[in-house]
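Peer 1: The file below is structure05.cif, mmCIF, C-alpha atoms:
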data_run
#
loop_
_atom_site.label_atom_id
_atom_site.label_comp_id
_atom_site.auth_asym_id
_atom_site.auth_seq_id
_atom_site.Cartn_x
_atom_site.Cartn_y
_atom_site.Cartn_z
CA MET R 1 18.31 23.54 0.61
CA LYS R 2 15.93 22.90 3.40
CA PHE R 3 13.03 20.51 3.37
CA TYR R 4 10.36 22.83 4.60
CA LYS R 5 9.89 26.49 5.38
CA ARG R 6 6.95 28.32 6.84
CA THR R 7 6.46 30.24 3.62
CA ASP R 8 5.68 26.91 1.94
CA ILE R 9 2.25 27.12 3.51
CA ALA R 10 1.60 30.17 1.34
CA VAL R 11 2.47 28.18 -1.78
CA ILE R 12 0.15 25.36 -0.74
CA LEU R 13 -2.68 27.79 -0.05
CA CYS R 14 -2.15 29.35 -3.47
CA ILE R 15 -2.46 25.99 -5.16
CA LEU R 16 -5.60 25.19 -3.19
CA ALA R 17 -7.03 28.57 -4.12
CA VAL R 18 -6.34 28.03 -7.82
CA SER R 19 -8.00 24.63 -7.72
CA ALA R 20 -11.02 26.03 -5.87
CA VAL R 21 -11.35 28.79 -8.47
CA SER R 22 -11.15 26.42 -11.41
CA TRP R 23 -13.65 24.10 -9.77
CA GLY R 24 -15.96 27.07 -9.32
CA VAL R 25 -15.48 28.08 -12.96
CA TYR R 26 -16.27 24.56 -14.09
CA ASN R 27 -19.43 24.34 -11.99
CA TYR R 28 -20.66 27.74 -13.04
CA PHE R 29 -20.26 27.28 -16.75
CA PHE R 30 -20.87 23.65 -17.34
CA THR R 31 -23.55 22.37 -15.02
CA GLY R 32 -26.76 22.12 -16.94
CA SER R 33 -29.52 19.67 -17.51
CA GLN R 34 -29.35 18.90 -21.18
CA VAL R 35 -26.47 16.56 -21.66
CA ARG R 36 -25.70 13.56 -23.77
CA ALA R 37 -22.99 10.97 -23.55
CA GLU R 38 -20.64 10.19 -26.38
CA ILE R 39 -18.72 6.95 -26.57
CA TYR R 40 -15.53 6.96 -28.61
CA TYR R 41 -13.68 3.90 -29.79
CA TYR R 42 -10.06 4.82 -30.59
CA SER R 43 -11.07 8.47 -31.15
CA GLU R 44 -13.96 7.57 -33.41
CA LEU R 45 -17.45 8.45 -32.23
CA VAL R 46 -19.42 5.23 -32.19
CA GLU R 47 -22.41 5.89 -29.97
CA THR R 48 -24.39 8.81 -28.62
CA VAL R 49 -26.69 8.43 -25.66
CA ASP R 50 -29.19 11.07 -24.67
CA LEU R 51 -29.09 11.11 -20.88
CA ALA R 52 -32.11 13.36 -20.48
CA GLU R 53 -34.43 10.52 -21.39
CA GLY R 54 -33.91 8.89 -18.02
CA LYS R 55 -33.75 5.34 -19.29
CA ASP R 56 -32.33 2.49 -17.28
CA THR R 57 -30.48 0.15 -19.58
CA THR R 58 -27.32 -1.88 -19.85
CA PHE R 59 -25.53 -2.00 -23.16
CA SER R 60 -22.20 -2.30 -24.89
CA ILE R 61 -20.81 -1.02 -28.14
CA PRO R 62 -20.56 -3.41 -31.07
CA GLN R 63 -16.79 -2.79 -31.40
CA ASP R 64 -16.07 -4.26 -28.00
CA ARG R 65 -18.59 -6.52 -26.38
CA ASN R 66 -16.46 -7.05 -23.28
CA VAL R 67 -17.01 -3.51 -21.98
CA ILE R 68 -20.46 -2.88 -20.59
CA PHE R 69 -22.11 0.45 -19.81
CA HIS R 70 -25.15 1.17 -17.72
CA GLN R 71 -27.41 4.16 -18.16
CA TYR R 72 -29.28 5.20 -15.02
CA PRO R 73 -32.69 6.92 -14.66
CA ASP R 74 -31.10 9.92 -12.92
CA GLY R 75 -29.33 10.84 -16.12
CA SER R 76 -25.92 9.36 -15.47
CA ILE R 77 -23.93 6.71 -17.23
CA ALA R 78 -21.14 4.48 -16.05
CA PHE R 79 -18.78 1.68 -17.00
CA VAL R 80 -19.99 -1.36 -15.11
CA GLU R 81 -17.90 -4.15 -16.51
CA SER R 82 -14.68 -4.41 -18.45
CA ASP R 83 -11.97 -6.90 -19.28
CA CYS R 84 -9.10 -4.52 -18.55
CA PRO R 85 -6.61 -5.34 -15.78
CA ASP R 86 -6.90 -2.15 -13.70
CA LYS R 87 -10.65 -1.38 -13.87
CA VAL R 88 -9.90 2.33 -13.69
CA CYS R 89 -12.95 2.98 -15.89
CA ILE R 90 -15.29 1.29 -13.45
CA HIS R 91 -13.79 3.11 -10.49
CA ALA R 92 -14.53 6.40 -12.21
CA GLY R 93 -18.17 5.83 -11.39
CA ARG R 94 -21.16 7.61 -12.78
CA GLN R 95 -20.68 10.42 -15.24
CA LYS R 96 -23.34 13.06 -15.29
CA THR R 97 -22.17 16.62 -15.90
CA ALA R 98 -20.89 18.14 -19.14
CA GLY R 99 -17.14 17.88 -19.32
CA GLN R 100 -16.84 14.74 -17.26
CA PHE R 101 -15.32 11.71 -18.83
CA ALA R 102 -14.19 8.21 -18.05
CA ALA R 103 -11.89 6.13 -20.15
CA CYS R 104 -10.82 2.53 -20.53
CA LEU R 105 -7.45 3.16 -22.08
CA PRO R 106 -6.39 -0.45 -22.66
CA ASN R 107 -9.55 -0.92 -24.72
CA GLY R 108 -9.40 2.49 -26.36
CA ILE R 109 -12.85 3.47 -25.15
CA VAL R 110 -13.68 6.98 -23.96
CA LEU R 111 -16.99 8.00 -22.44
CA LYS R 112 -17.54 11.74 -22.63
CA ILE R 113 -20.41 13.91 -21.40
CA VAL R 114 -21.20 16.85 -23.68
CA PRO R 115 -23.92 19.49 -23.55
CA GLU R 116 -26.93 18.85 -25.72
CA LYS R 117 -26.62 22.10 -27.57
CA GLU R 118 -23.33 23.13 -29.10
CA ALA R 119 -22.95 26.42 -27.26
CA GLY R 120 -21.05 28.70 -29.59
CA GLY R 121 -17.45 29.29 -28.73
CA GLU R 122 -17.52 29.43 -24.97
CA ASP R 123 -17.81 25.71 -24.55
CA ALA R 124 -14.32 25.16 -25.88
CA ASP R 125 -12.88 21.71 -25.87
CA ILE R 126 -9.25 22.53 -25.46
CA VAL R 127 -7.51 20.79 -28.32
CA ILE R 128 -3.81 21.14 -28.15
CA MET Q 1 35.45 3.65 5.06
CA ALA Q 2 34.26 7.00 6.38
CA GLY Q 3 36.49 8.66 3.84
CA LYS Q 4 34.84 6.73 1.04
CA VAL Q 5 31.36 7.69 2.27
CA THR Q 6 32.14 11.38 2.32
CA ALA Q 7 33.85 11.07 -1.03
CA ILE Q 8 30.72 9.67 -2.58
CA MET Q 9 28.52 12.22 -0.85
CA ASN Q 10 30.55 14.86 -2.61
CA ARG Q 11 29.63 13.56 -6.00
CA LYS Q 12 32.28 15.37 -7.91
CA ASN Q 13 34.75 12.80 -6.66
CA LEU Q 14 32.91 9.91 -8.24
CA ASN Q 15 34.47 8.32 -11.23
CA ARG Q 16 32.21 7.29 -14.06
CA THR Q 17 31.90 3.72 -12.95
CA GLN Q 18 30.90 4.69 -9.43
CA MET Q 19 28.33 7.12 -10.77
CA LEU Q 20 26.99 4.47 -13.11
CA VAL Q 21 26.59 1.94 -10.34
CA LEU Q 22 25.01 4.41 -7.96
CA THR Q 23 22.56 5.59 -10.61
CA SER Q 24 21.63 2.01 -11.40
CA MET Q 25 20.95 1.26 -7.77
CA ILE Q 26 18.73 4.31 -7.48
CA PHE Q 27 16.95 3.21 -10.64
CA ALA Q 28 16.36 -0.19 -9.08
CA ALA Q 29 14.97 1.54 -6.01
CA ALA Q 30 12.60 3.50 -8.29
CA LEU Q 31 11.31 0.28 -9.81
CA VAL Q 32 10.79 -1.33 -6.43
CA LEU Q 33 8.88 1.71 -5.24
CA ALA Q 34 6.67 1.53 -8.34
CA VAL Q 35 5.94 -2.14 -7.76
CA VAL Q 36 5.14 -1.57 -4.09
CA GLU Q 37 2.84 1.29 -5.02
CA ASN Q 38 0.94 -0.94 -7.43
CA MET Q 39 0.25 -3.35 -4.63
CA LEU Q 40 -1.46 -0.72 -2.48
CA PRO Q 41 -5.27 -0.59 -2.71
CA PRO Q 42 -6.62 1.93 -5.24
CA LEU Q 43 -7.62 5.29 -3.83
CA PRO Q 44 -11.37 5.96 -3.56
CA VAL Q 45 -11.16 9.07 -5.69
CA PRO Q 46 -13.58 9.52 -8.60
CA VAL Q 47 -10.78 10.18 -11.04
CA PRO Q 48 -8.96 7.51 -13.01
CA GLY Q 49 -5.33 6.83 -12.36
CA VAL Q 50 -4.57 9.04 -9.38
CA LYS Q 51 -1.53 7.73 -7.59
CA PHE Q 52 1.16 8.84 -5.18
CA GLY Q 53 4.06 8.37 -7.54
CA LEU Q 54 6.37 6.84 -4.94
CA SER Q 55 9.00 6.09 -7.55
CA ASN Q 56 9.46 9.83 -7.89
CA ILE Q 57 11.24 9.68 -4.56
CA ALA Q 58 14.15 7.98 -6.28
CA VAL Q 59 14.02 10.37 -9.24
CA MET Q 60 14.11 13.36 -6.90
CA TYR Q 61 17.01 11.91 -4.97
CA ALA Q 62 18.87 11.47 -8.24
CA LEU Q 63 18.08 15.04 -9.24
CA PHE Q 64 19.12 16.55 -5.94
CA PHE Q 65 22.21 14.51 -5.23
CA LEU Q 66 23.43 12.82 -8.36
CA GLY Q 67 22.86 15.16 -11.26
CA LYS Q 68 20.52 16.19 -14.05
CA LYS Q 69 21.68 13.58 -16.54
CA GLN Q 70 21.25 10.85 -13.97
CA ALA Q 71 17.75 12.02 -13.11
CA TYR Q 72 16.71 12.09 -16.76
CA ALA Q 73 18.28 8.68 -17.30
CA ILE Q 74 16.30 7.19 -14.46
CA GLY Q 75 13.11 8.85 -15.65
CA ILE Q 76 13.52 7.57 -19.20
CA LEU Q 77 14.48 4.08 -18.14
CA LYS Q 78 11.51 3.96 -15.81
CA SER Q 79 9.26 4.83 -18.74
CA VAL Q 80 10.80 2.05 -20.80
CA PHE Q 81 10.06 -0.32 -17.94
CA VAL Q 82 6.44 0.87 -17.80
CA PHE Q 83 6.24 0.48 -21.58
CA ILE Q 84 7.45 -3.11 -21.36
CA THR Q 85 5.22 -4.11 -18.49
CA ARG Q 86 2.05 -2.13 -18.99
CA GLY Q 87 1.88 -1.24 -22.66
CA GLY Q 88 2.36 1.63 -25.07
CA ILE Q 89 -0.04 4.21 -23.75
CA ALA Q 90 1.08 3.80 -20.15
CA GLY Q 91 4.68 4.13 -21.31
CA LEU Q 92 3.90 7.30 -23.22
CA LEU Q 93 2.14 8.79 -20.21
CA SER Q 94 5.08 7.90 -18.01
CA ILE Q 95 7.69 9.44 -20.28
CA THR Q 96 5.90 12.74 -20.85
CA GLY Q 97 4.95 13.11 -17.21
CA GLY Q 98 8.42 12.15 -16.10
CA ILE Q 99 10.35 14.41 -18.49
CA LEU Q 100 8.08 17.38 -17.86
CA SER Q 101 8.33 16.83 -14.13
CA ILE Q 102 12.13 16.64 -14.10
CA THR Q 103 12.44 19.66 -16.37
CA VAL Q 104 10.14 21.73 -14.18
CA MET Q 105 12.10 20.74 -11.09
CA ILE Q 106 15.39 21.67 -12.76
CA LEU Q 107 13.96 25.05 -13.77
CA LEU Q 108 12.75 25.69 -10.24
CA MET Q 109 16.13 24.83 -8.80
CA ALA Q 110 17.88 27.06 -11.32
CA ILE Q 111 15.60 30.03 -10.78
CA PHE Q 112 15.30 29.92 -7.03
CA LYS Q 113 18.58 28.28 -6.09
CA ASP Q 114 18.58 28.09 -2.33
CA LYS Q 115 15.46 30.04 -1.54
CA ILE Q 116 13.18 27.16 -2.39
CA THR Q 117 12.53 24.08 -0.32
CA TYR Q 118 12.44 20.42 -1.31
CA LEU Q 119 8.75 20.33 -0.44
CA VAL Q 120 7.80 22.96 -3.01
CA ILE Q 121 9.99 21.38 -5.69
CA SER Q 122 8.37 18.04 -4.99
CA ILE Q 123 4.87 19.52 -5.22
CA PHE Q 124 5.55 21.22 -8.53
CA GLY Q 125 7.19 18.06 -9.81
CA ALA Q 126 4.14 15.98 -8.97
CA VAL Q 127 1.70 18.52 -10.40
CA SER Q 128 3.62 18.87 -13.66
CA HIS Q 129 3.80 15.08 -13.90
CA ASN Q 130 0.00 15.00 -13.77
CA ILE Q 131 -0.29 17.83 -16.27
CA GLY Q 132 2.06 16.07 -18.68
CA GLN Q 133 -0.01 12.90 -18.52
CA PHE Q 134 -3.20 14.82 -19.00
CA ILE Q 135 -1.88 16.61 -22.07
CA VAL Q 136 -0.98 13.26 -23.60
CA ILE Q 137 -4.48 11.94 -23.03
CA THR Q 138 -5.98 15.09 -24.49
CA VAL Q 139 -3.85 14.80 -27.60
CA ILE Q 140 -4.34 11.10 -28.20
CA TYR Q 141 -8.03 10.93 -27.58
CA THR Q 142 -10.47 13.54 -28.81
CA GLY Q 143 -10.11 16.94 -27.19
CA MET Q 144 -11.21 16.76 -23.60
CA ASN Q 145 -12.61 19.46 -21.43
CA MET Q 146 -9.64 20.04 -19.18
CA TRP Q 147 -11.28 22.33 -16.67
CA ALA Q 148 -13.33 19.50 -15.24
CA TYR Q 149 -10.27 17.74 -13.88
CA PHE Q 150 -7.85 20.58 -13.34
CA PRO Q 151 -8.63 20.92 -9.61
CA VAL Q 152 -8.16 17.19 -9.15
CA LEU Q 153 -4.81 17.39 -10.96
CA LEU Q 154 -3.63 20.16 -8.68
CA ILE Q 155 -4.81 18.65 -5.44
CA SER Q 156 -3.56 15.16 -6.12
CA GLY Q 157 -0.23 16.61 -7.23
CA LEU Q 158 -0.11 18.65 -4.05
CA ALA Q 159 -0.81 15.62 -1.88
CA ALA Q 160 1.61 13.44 -3.80
CA GLY Q 161 4.31 16.11 -3.57
CA ILE Q 162 3.89 16.37 0.18
CA VAL Q 163 3.92 12.61 0.65
CA THR Q 164 6.94 11.99 -1.56
CA SER Q 165 9.07 14.78 -0.13
CA THR Q 166 8.30 13.66 3.42
CA LEU Q 167 9.18 10.09 2.55
CA LEU Q 168 12.37 11.29 0.85
CA ARG Q 169 13.36 13.04 4.04
CA PHE Q 170 12.94 9.83 6.02
CA ILE Q 171 14.59 7.61 3.46
CA MET Q 172 17.63 9.84 2.97
CA PRO Q 173 19.77 8.08 5.59
CA ALA Q 174 19.11 4.74 3.89
CA PHE Q 175 19.98 6.14 0.46
CA ASN Q 176 23.18 7.57 1.81
CA ARG Q 177 24.11 4.21 3.26
CA LEU Q 178 24.03 2.79 -0.26
CA ALA Q 179 27.43 4.36 -0.60
#
Is it possible to express this structure as structure tokens?
Peer 2:
Amino acid sequence: MKFYKRTDIAVILCILAVSAVSWGVYNYFFTGSQVRAEIYYYSELVETVDLAEGKDTTFSIPQDRNVIFHQYPDGSIAFVESDCPDKVCIHAGRQKTAGQFAACLPNGIVLKIVPEKEAGGEDADIVI
Amino acid sequence: MAGKVTAIMNRKNLNRTQMLVLTSMIFAAALVLAVVENMLPPLPVPVPGVKFGLSNIAVMYALFFLGKKQAYAIGILKSVFVFITRGGIAGLLSITGGILSITVMILLMAIFKDKITYLVISIFGAVSHNIGQFIVITVIYTGMNMWAYFPVLLISGLAAGIVTSTLLRFIMPAFNRLA
């Protein structure tokens, strides 16, 4: 087997095309203004934040006071502080669009952005 | 000495002890690569947990030149190591990503035999590793909207596959000298 052939470029372009298409699909269907954030603690919904209100607050959930969220006036929400070793959740930055999520896995906290209205069947959360 | 090197290159001549030792050394190399990778600064990508997967270099070497059982063994042992050092969820992610990745690479090699290149196998291995991890997260935590991060999965897998296969190509002489 060889390491590299010219036809590999075709494979790479295909993969890039598929990712561009799915990014386009995501943007087309899911970008909207009415969103809210849901915070889950070990798969249990513990807090819902309406991002359309444009508040600017810092808070944490009662189950885990070491993880701190910040809600911004532009309608986004982010992890700002956490006691986990990797800080992956903080690096994820601000979450704003439906379908985005950030998670602090060591603490079991998931921050999920969902559309305000439950839009019928098209807005499927893929549950496997 | 040259005779011994070529004998080990042609792995059918290895007895079980030699294969065991060689697999263990490659496993150790996988761990070292994982540790080194952890020391690199985190990538400025807005997605949690994107990494190059340098330890896959060792897994791929095992798959290409040692055998399927050896590759699976290294993948599983690596996951046990991750489980011990970083906790249950990380270990679960590692084992599903690893097993799915190795299985996909074996399928590709079986279907395409010699028409495929190491680069493409590496890319699909990295992408399926990401997909495996993502499925685990979707199952454990409430159902996520996968489409949001699918492009990131593909592109980071693509980049990781290119990086790891290129590094494998450069490291090959050193791996062969292990014999």
Peer 1: Which residues, protein or nucleic acid, reach to within 9 Å of (-31.1, 8.3, -13.7) in the file's coordinates when using all atoms listed in the file, and can you give that as a CSV table (one decimal) with C-alpha atoms, in the frame of the given file?
Peer 2:
chain,number,residue,atom,x,y,z
R,51,LEU,CA,-29.1,11.1,-20.9
R,52,ALA,CA,-32.1,13.4,-20.5
R,53,GLU,CA,-34.4,10.5,-21.4
R,54,GLY,CA,-33.9,8.9,-18.0
R,55,LYS,CA,-33.8,5.3,-19.3
R,56,ASP,CA,-32.3,2.5,-17.3
R,71,GLN,CA,-27.4,4.2,-18.2
R,72,TYR,CA,-29.3,5.2,-15.0
R,73,PRO,CA,-32.7,6.9,-14.7
R,74,ASP,CA,-31.1,9.9,-12.9
R,75,GLY,CA,-29.3,10.8,-16.1
R,76,SER,CA,-25.9,9.4,-15.5
R,77,ILE,CA,-23.9,6.7,-17.2
Peer 1: Dump as a ChimeraX atom specification the residues of chain R that approach chain Q to within 9 Å, counting all atoms listed in the file.
Peer 2: /R:1-5,8,11-12,15-16,18-23,25-27,30,40,42-44,88-94,98-103,105-106,108,110,112,123-128
Peer 1: Ranking Q:Met105, Q:Leu20, Q:Leu100, Q:Met39 by minimum distance to Gln70 in chain Q and counting only C-alpha atoms, which one comes first?
Peer 2: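 The answer is Q:Leu20, which sits nearest to Gln70 in chain Q.
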Peer 1: How many Å lie between CA of Ala28 in chain Q and CA of Val59 in chain Q, rounded to one decimal?
Peer 2: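 Interatomic distance here is 10.8 Å.
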Peer 1: Can you measure CA of Ala71 in chain Q to CA of Thr23 in chain Q for me? One decimal in Å is fine.
Peer 2: 8.4 Å
